[in-house]
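K.L.:
Contents of protein_4.cif (mmCIF, C-alpha atoms) are given next:
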```cif
data_run
#
loop_
_atom_site.label_atom_id
_atom_site.label_comp_id
_atom_site.auth_asym_id
_atom_site.auth_seq_id
_atom_site.Cartn_x
_atom_site.Cartn_y
_atom_site.Cartn_z
CA MET V 1 110.79 -30.77 -32.18
CA THR V 2 112.32 -29.10 -35.24
CA ASP V 3 111.61 -32.22 -37.33
CA SER V 4 107.96 -32.24 -36.27
CA LEU V 5 107.59 -28.54 -37.07
CA ASP V 6 109.21 -29.05 -40.46
CA GLN V 7 106.71 -31.84 -41.17
CA ILE V 8 103.83 -29.58 -40.19
CA HIS V 9 105.08 -26.71 -42.34
CA ASP V 10 105.38 -29.16 -45.25
CA PHE V 11 101.88 -30.47 -44.59
CA LEU V 12 100.03 -27.15 -44.27
CA PRO V 13 99.25 -25.18 -47.45
CA CYS V 14 100.50 -21.82 -46.13
CA LYS V 15 102.06 -20.07 -43.17
CA THR V 16 100.00 -17.95 -40.80
CA PRO V 17 99.84 -14.39 -42.18
CA GLN V 18 101.95 -11.81 -40.34
CA ARG V 19 98.83 -9.69 -39.93
CA TRP V 20 97.21 -12.45 -37.82
CA ILE V 21 100.28 -12.57 -35.56
CA GLU V 22 99.94 -8.80 -35.09
CA ASN V 23 96.23 -9.29 -34.30
CA ALA V 24 97.09 -11.95 -31.70
CA LEU V 25 99.73 -9.84 -29.98
CA ALA V 26 97.30 -6.92 -29.76
CA ASN V 27 94.51 -9.15 -28.35
CA GLN V 28 96.26 -11.51 -25.96
CA ASP V 29 93.39 -11.75 -23.45
CA LEU V 30 90.99 -12.68 -26.23
CA MET V 31 93.57 -15.11 -27.64
CA LEU V 32 93.76 -16.91 -24.28
CA ILE V 33 89.97 -17.09 -23.90
CA ASP V 34 89.58 -18.56 -27.38
CA HIS V 35 92.54 -20.88 -26.85
CA ALA V 36 90.75 -22.29 -23.80
CA HIS V 37 87.62 -22.83 -25.88
CA CYS V 38 89.69 -24.59 -28.56
CA GLU V 39 91.20 -27.02 -26.06
CA LYS V 40 87.75 -27.83 -24.66
CA LYS V 41 86.32 -28.34 -28.15
CA ALA V 42 89.24 -30.60 -29.09
CA ALA V 43 88.53 -32.81 -26.06
CA SER V 44 84.83 -32.85 -26.94
CA THR V 45 85.57 -33.92 -30.52
CA ALA V 46 87.75 -36.78 -29.30
CA LEU V 47 85.07 -37.96 -26.86
CA SER V 48 82.34 -37.79 -29.50
CA LEU V 49 84.45 -40.01 -31.78
CA MET V 50 84.85 -42.49 -28.90
CA TYR V 51 81.09 -42.63 -28.41
CA ARG V 52 80.33 -43.04 -32.12
CA TYR V 53 83.01 -45.61 -33.06
CA VAL V 54 83.00 -47.96 -30.08
CA ASP V 55 84.40 -50.93 -32.04
CA ASN V 56 87.57 -49.12 -33.20
CA THR V 57 90.12 -50.01 -30.49
CA ASP V 58 92.98 -47.96 -31.90
CA LEU V 59 90.74 -44.91 -32.22
CA LEU V 60 89.45 -45.40 -28.65
CA ASN V 61 92.96 -45.52 -27.21
CA ARG V 62 94.33 -42.58 -29.21
CA MET V 63 91.28 -40.39 -28.64
CA SER V 64 91.16 -41.18 -24.93
CA ARG V 65 94.74 -39.99 -24.51
CA LEU V 66 94.11 -36.97 -26.73
CA ALA V 67 91.01 -35.95 -24.74
CA ARG V 68 92.92 -36.16 -21.45
CA GLU V 69 95.77 -34.05 -22.83
CA GLU V 70 93.43 -31.42 -24.30
CA LEU V 71 91.54 -31.10 -21.01
CA ARG V 72 94.86 -30.73 -19.18
CA HIS V 73 95.79 -27.95 -21.62
CA PHE V 74 92.38 -26.37 -20.96
CA GLU V 75 93.12 -26.34 -17.23
CA GLN V 76 96.58 -24.85 -17.86
CA VAL V 77 95.14 -22.03 -19.99
CA LEU V 78 92.54 -21.29 -17.31
CA ALA V 79 95.30 -21.11 -14.68
CA ILE V 80 97.30 -18.65 -16.80
CA MET V 81 94.17 -16.56 -17.33
CA LYS V 82 93.39 -16.52 -13.62
CA LYS V 83 96.89 -15.24 -12.80
CA ARG V 84 96.42 -12.47 -15.37
CA GLY V 85 92.94 -11.50 -14.22
CA VAL V 86 91.35 -12.64 -17.49
CA SER V 87 87.78 -13.97 -17.13
CA TYR V 88 86.69 -17.02 -19.09
CA GLY V 89 83.40 -16.47 -20.89
CA HIS V 90 81.41 -17.38 -23.96
CA LEU V 91 82.78 -16.46 -27.39
CA SER V 92 81.21 -16.83 -30.80
CA PRO V 93 83.15 -19.53 -32.68
CA ALA V 94 85.52 -18.76 -35.52
CA ARG V 95 84.41 -19.62 -39.06
CA TYR V 96 87.39 -22.00 -39.31
CA ALA V 97 86.20 -25.38 -38.01
CA ALA V 98 82.69 -25.01 -39.42
CA GLY V 99 84.20 -23.96 -42.74
CA LEU V 100 86.35 -27.08 -42.88
CA ARG V 101 83.45 -29.34 -41.87
CA GLN V 102 81.33 -28.15 -44.80
CA GLU V 103 83.18 -30.69 -46.97
CA VAL V 104 82.72 -33.64 -44.58
CA ARG V 105 80.78 -36.49 -46.17
CA THR V 106 77.58 -37.62 -44.49
CA GLU V 107 77.98 -41.42 -44.69
CA ASP V 108 80.62 -43.67 -43.14
CA PRO V 109 83.37 -44.64 -43.72
CA GLY V 110 83.79 -41.37 -45.66
CA ARG V 111 82.44 -39.32 -42.78
CA LEU V 112 84.95 -40.76 -40.30
CA VAL V 113 87.84 -40.30 -42.73
CA ASP V 114 86.92 -36.66 -43.30
CA VAL V 115 86.36 -35.84 -39.60
CA LEU V 116 89.78 -37.30 -38.81
CA ILE V 117 91.45 -35.31 -41.62
CA VAL V 118 89.82 -32.12 -40.32
CA GLY V 119 91.12 -32.99 -36.84
CA ALA V 120 94.63 -33.44 -38.23
CA ILE V 121 94.55 -30.08 -40.01
CA ILE V 122 93.26 -28.22 -36.94
CA GLU V 123 95.96 -29.75 -34.73
CA ALA V 124 98.65 -28.98 -37.32
CA ARG V 125 97.51 -25.35 -37.61
CA SER V 126 97.42 -24.98 -33.84
CA CYS V 127 100.98 -26.27 -33.63
CA GLU V 128 102.12 -23.91 -36.40
CA ARG V 129 100.53 -20.93 -34.65
CA PHE V 130 101.98 -21.78 -31.24
CA ALA V 131 105.44 -21.85 -32.86
CA ALA V 132 104.82 -18.60 -34.77
CA LEU V 133 103.64 -16.78 -31.64
CA ALA V 134 106.14 -18.09 -29.07
CA PRO V 135 109.09 -15.80 -30.01
CA HIS V 136 106.89 -12.69 -29.57
CA LEU V 137 105.29 -13.53 -26.20
CA ASP V 138 106.36 -13.00 -22.59
CA ALA V 139 108.42 -15.79 -21.01
CA THR V 140 105.47 -17.54 -19.31
CA LEU V 141 103.29 -17.72 -22.42
CA SER V 142 106.22 -18.45 -24.69
CA ASP V 143 107.31 -21.42 -22.56
CA PHE V 144 103.73 -22.67 -22.36
CA TYR V 145 103.12 -22.49 -26.10
CA THR V 146 106.48 -24.06 -26.87
CA GLY V 147 105.61 -26.85 -24.44
CA LEU V 148 102.36 -27.57 -26.31
CA LEU V 149 104.10 -28.18 -29.64
CA LYS V 150 105.06 -31.78 -28.99
CA SER V 151 101.59 -33.00 -28.04
CA GLU V 152 99.84 -31.03 -30.79
CA ALA V 153 102.24 -32.47 -33.38
CA ARG V 154 101.52 -35.98 -32.10
CA HIS V 155 97.76 -35.34 -32.20
CA TYR V 156 98.07 -34.31 -35.85
CA ARG V 157 99.90 -37.55 -36.67
CA ASP V 158 97.37 -39.63 -34.69
CA TYR V 159 94.46 -38.17 -36.62
CA LEU V 160 96.15 -38.78 -39.98
CA THR V 161 97.07 -42.36 -39.05
CA LEU V 162 93.48 -43.08 -38.02
CA ALA V 163 92.17 -41.50 -41.24
CA GLU V 164 94.38 -43.78 -43.35
CA GLN V 165 93.25 -46.81 -41.33
CA ALA V 166 89.58 -45.87 -41.75
CA ALA V 167 90.00 -45.34 -45.49
CA GLY V 168 91.99 -48.53 -46.01
CA ASN V 169 94.18 -46.70 -48.54
CA SER V 170 95.73 -43.30 -49.27
CA VAL V 171 93.82 -40.21 -48.16
CA GLU V 172 95.98 -37.77 -50.15
CA ASP V 173 93.13 -36.61 -52.39
CA ARG V 174 90.81 -35.88 -49.47
CA VAL V 175 93.61 -34.16 -47.55
CA ALA V 176 94.30 -31.96 -50.60
CA THR V 177 90.61 -30.99 -50.78
CA PHE V 178 90.53 -29.90 -47.15
CA LEU V 179 93.92 -28.14 -47.31
CA ALA V 180 92.74 -26.01 -50.24
CA LEU V 181 89.74 -24.97 -48.15
CA GLU V 182 91.97 -24.38 -45.12
CA GLN V 183 94.23 -22.03 -47.05
CA GLN V 184 91.25 -19.86 -47.99
CA LEU V 185 90.10 -19.72 -44.36
CA ILE V 186 93.59 -18.81 -43.10
CA GLU V 187 94.50 -16.21 -45.72
CA THR V 188 91.16 -14.50 -46.39
CA PRO V 189 90.45 -11.46 -44.17
CA ASP V 190 88.15 -12.23 -41.26
CA THR V 191 85.59 -10.15 -39.37
CA GLU V 192 86.80 -10.95 -35.84
CA PHE V 193 89.98 -12.25 -34.26
CA ARG V 194 90.07 -15.82 -33.02
CA PHE V 195 92.85 -18.36 -32.54
CA HIS V 196 92.03 -19.96 -35.90
CA SER V 197 90.72 -16.87 -37.68
CA GLY V 198 92.06 -15.29 -40.80
CA PRO V 199 93.74 -11.88 -40.50
CA VAL V 200 91.51 -9.06 -39.29
#
```
Rewrite the structure from the file as structure tokens, please.
P.N.:
Amino acid sequence: MTDSLDQIHDFLPCKTPQRWIENALANQDLMLIDHAHCEKKAASTALSLMYRYVDNTDLLNRMSRLAREELRHFEQVLAIMKKRGVSYGHLSPARYAAGLRQEVRTEDPGRLVDVLIVGAIIEARSCERFAALAPHLDATLSDFYTGLLKSEARHYRDYLTLAEQAAGNSVEDRVATFLALEQQLIETPDTEFRFHSGPV
């Protein structure tokens, strides 16, 4: 898993700010609620890609597996919340995903390439944050977040592979565009704490 984490740290433009880690540790119930939302949204994104690109067999297979895994993670987060007496409810979304999607092109194949790159970045950031948080959490949460690293790292690679296939060539320039935007969203102070927020 160290190799995968090293790859993710090399891929992402910055590390999560220490202030965000402090925010997360001080708001663990909120972190779990938003984490559950993130897993559900990740499954929804995968399913929407399956509905839109029905002739892309590799995408269908990878996204089907990803959706199943994300929904399983959703169930696991809900189970942890139930044991801790944390109620699952509606939350306003972080600026993060919407901020990244501002740069997504409107016409295919560019649209598909960009959506897949955004997916890769979100999965990579999730993996990086699970690893950053794990040493500071209680044993149950630490083990759970450490256990998520492998699948999240694979999801990041799946999204990037599919983006390169859809583009038919290198996607480095588009990745660089989105990573520059991602760094701003991660490092710039935010108004409310969320799993993918900037520091509050």
K.L.:
Select from range 109-190 of chain V every residue with an atom at most 8 Å from any atom of range 62-79 of chain V, then for each give the shortest pair of atoms and their distance in Å to one decimal, using only C-alpha atoms, rows by chain and rising number, as a Markdown table.
P.N.:
```
| residue | atom | partner | partner_atom | distance |
| --- | --- | --- | --- | --- |
| V:Ser151 | CA | V:Glu69 | CA | 7.9 |
| V:His155 | CA | V:Leu66 | CA | 6.8 |
| V:Asp158 | CA | V:Arg62 | CA | 6.9 |
```
K.L.:
V:Lys150, V:Val54, V:Val200, V:Pro93: which is nearest Arg19 in chain V, counting all atoms listed in the file?
P.N.:
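Comparing V:Lys150, V:Val54, V:Val200, V:Pro93 against Arg19 in chain V, the winner is V:Val200.
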K.L.:
Could you please determine the separation between CA of Ser48 in chain V and CA of Glu192 in chain V in Å, to one decimal place?
P.N.:
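Separation of CA of Ser48 in chain V and CA of Glu192 in chain V: 27.9 Å.
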K.L.:
Run through the PyMOL selection byres ((chain V and resi 28) around 12) on the given coordinates and return the selected residues as a list in words.
P.N.:
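Applying the PyMOL selection byres ((chain V and resi 28) around 12) to the structure shown produces Trp20, Ile21, Glu22, Asn23, Ala24, Leu25, Ala26, Asn27, Asp29, Leu30, Met31, Leu32, Ile33, Asp34, His35, Ile80, Met81, Arg84, Val86, Leu133, His136, Leu137, Asp138, Leu141, Phe193, Arg194 and Phe195 of chain V.
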K.L.:
Just checking: using only C-alpha atoms, which residue out of V:Ala43, V:Leu148, V:Ala153, V:Leu112 ends up closest to Ala124 in chain V?
P.N.:
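Looking only at the distances to Ala124 in chain V, the closest residue turns out to be V:Ala153.
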K.L.:
Could you tell me how far CA of Ala97 in chain V sits from CA of Glu187 in chain V, in Å to one decimal place?
P.N.:
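It comes out at 14.6 Å.
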K.L.:
Smallest atom-to-atom distance to Ala131 in chain V: which of V:Ser197, V:Gln102, V:Thr146, V:Ser44, using only C-alpha atoms?
P.N.:
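Closest to Ala131 in chain V of all the choices is V:Thr146.
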K.L.:
Do a neighbour search on range 3-18 of chain V at 10 Å with only C-alpha atoms, toss out local chain neighbours closer than 3 positions, and write the hits as a PDB file with C-alpha atoms, keeping the file's coordinate frame.
P.N.:
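result.pdb was written with the following content:
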```
ATOM      1  CA  ILE V  21     100.280 -12.570 -35.560  1.00  0.00           C
ATOM      2  CA  GLU V  22      99.940  -8.800 -35.090  1.00  0.00           C
ATOM      3  CA  ASN V  23      96.230  -9.290 -34.300  1.00  0.00           C
ATOM      4  CA  ALA V  24      97.090 -11.950 -31.700  1.00  0.00           C
ATOM      5  CA  ILE V 121      94.550 -30.080 -40.010  1.00  0.00           C
ATOM      6  CA  GLU V 123      95.960 -29.750 -34.730  1.00  0.00           C
ATOM      7  CA  ALA V 124      98.650 -28.980 -37.320  1.00  0.00           C
ATOM      8  CA  ARG V 125      97.510 -25.350 -37.610  1.00  0.00           C
ATOM      9  CA  CYS V 127     100.980 -26.270 -33.630  1.00  0.00           C
ATOM     10  CA  GLU V 128     102.120 -23.910 -36.400  1.00  0.00           C
ATOM     11  CA  ARG V 129     100.530 -20.930 -34.650  1.00  0.00           C
ATOM     12  CA  ALA V 131     105.440 -21.850 -32.860  1.00  0.00           C
ATOM     13  CA  ALA V 132     104.820 -18.600 -34.770  1.00  0.00           C
ATOM     14  CA  LEU V 133     103.640 -16.780 -31.640  1.00  0.00           C
ATOM     15  CA  LEU V 149     104.100 -28.180 -29.640  1.00  0.00           C
ATOM     16  CA  LYS V 150     105.060 -31.780 -28.990  1.00  0.00           C
ATOM     17  CA  GLU V 152      99.840 -31.030 -30.790  1.00  0.00           C
ATOM     18  CA  ALA V 153     102.240 -32.470 -33.380  1.00  0.00           C
ATOM     19  CA  ARG V 154     101.520 -35.980 -32.100  1.00  0.00           C
ATOM     20  CA  TYR V 156      98.070 -34.310 -35.850  1.00  0.00           C
ATOM     21  CA  ARG V 157      99.900 -37.550 -36.670  1.00  0.00           C
ATOM     22  CA  VAL V 175      93.610 -34.160 -47.550  1.00  0.00           C
ATOM     23  CA  ALA V 176      94.300 -31.960 -50.600  1.00  0.00           C
ATOM     24  CA  PHE V 178      90.530 -29.900 -47.150  1.00  0.00           C
ATOM     25  CA  LEU V 179      93.920 -28.140 -47.310  1.00  0.00           C
ATOM     26  CA  ALA V 180      92.740 -26.010 -50.240  1.00  0.00           C
ATOM     27  CA  LEU V 181      89.740 -24.970 -48.150  1.00  0.00           C
ATOM     28  CA  GLU V 182      91.970 -24.380 -45.120  1.00  0.00           C
ATOM     29  CA  GLN V 183      94.230 -22.030 -47.050  1.00  0.00           C
ATOM     30  CA  GLN V 184      91.250 -19.860 -47.990  1.00  0.00           C
ATOM     31  CA  ILE V 186      93.590 -18.810 -43.100  1.00  0.00           C
ATOM     32  CA  GLU V 187      94.500 -16.210 -45.720  1.00  0.00           C
ATOM     33  CA  THR V 188      91.160 -14.500 -46.390  1.00  0.00           C
ATOM     34  CA  HIS V 196      92.030 -19.960 -35.900  1.00  0.00           C
ATOM     35  CA  SER V 197      90.720 -16.870 -37.680  1.00  0.00           C
ATOM     36  CA  GLY V 198      92.060 -15.290 -40.800  1.00  0.00           C
ATOM     37  CA  PRO V 199      93.740 -11.880 -40.500  1.00  0.00           C
TER      38      PRO V 199
END
```
K.L.:
Considering all atoms listed in the file, state which residue in the set V:Val171, V:Ala166, V:Met50, V:Ala94 is at the smallest distance from Cys38 in chain V.
P.N.:
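Residue with the minimum atom-to-atom distance to Cys38 in chain V: V:Ala94.
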K.L.:
Record the distance separating CA of Glu103 in chain V and CA of Thr177 in chain V, expressed in Å with one decimal.
P.N.:
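Taking CA of Glu103 in chain V as the start and CA of Thr177 in chain V as the end point, the length is 8.4 Å.
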K.L.:
Output the residue selection produced by the PyMOL selection byres ((chain V and resi 105) around 12) on the file above, formatted as an NGL selection string.
P.N.:
:V and (100-104 or 106-118 or 174 or 178)
K.L.:
Hey, which of V:Asp58, V:Ala163, V:Ser126, V:Ala36 ends up closest to Gly89 in chain V? Count all atoms listed in the file.
P.N.:
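Among the listed residues, V:Ala36 lies closest to Gly89 in chain V.
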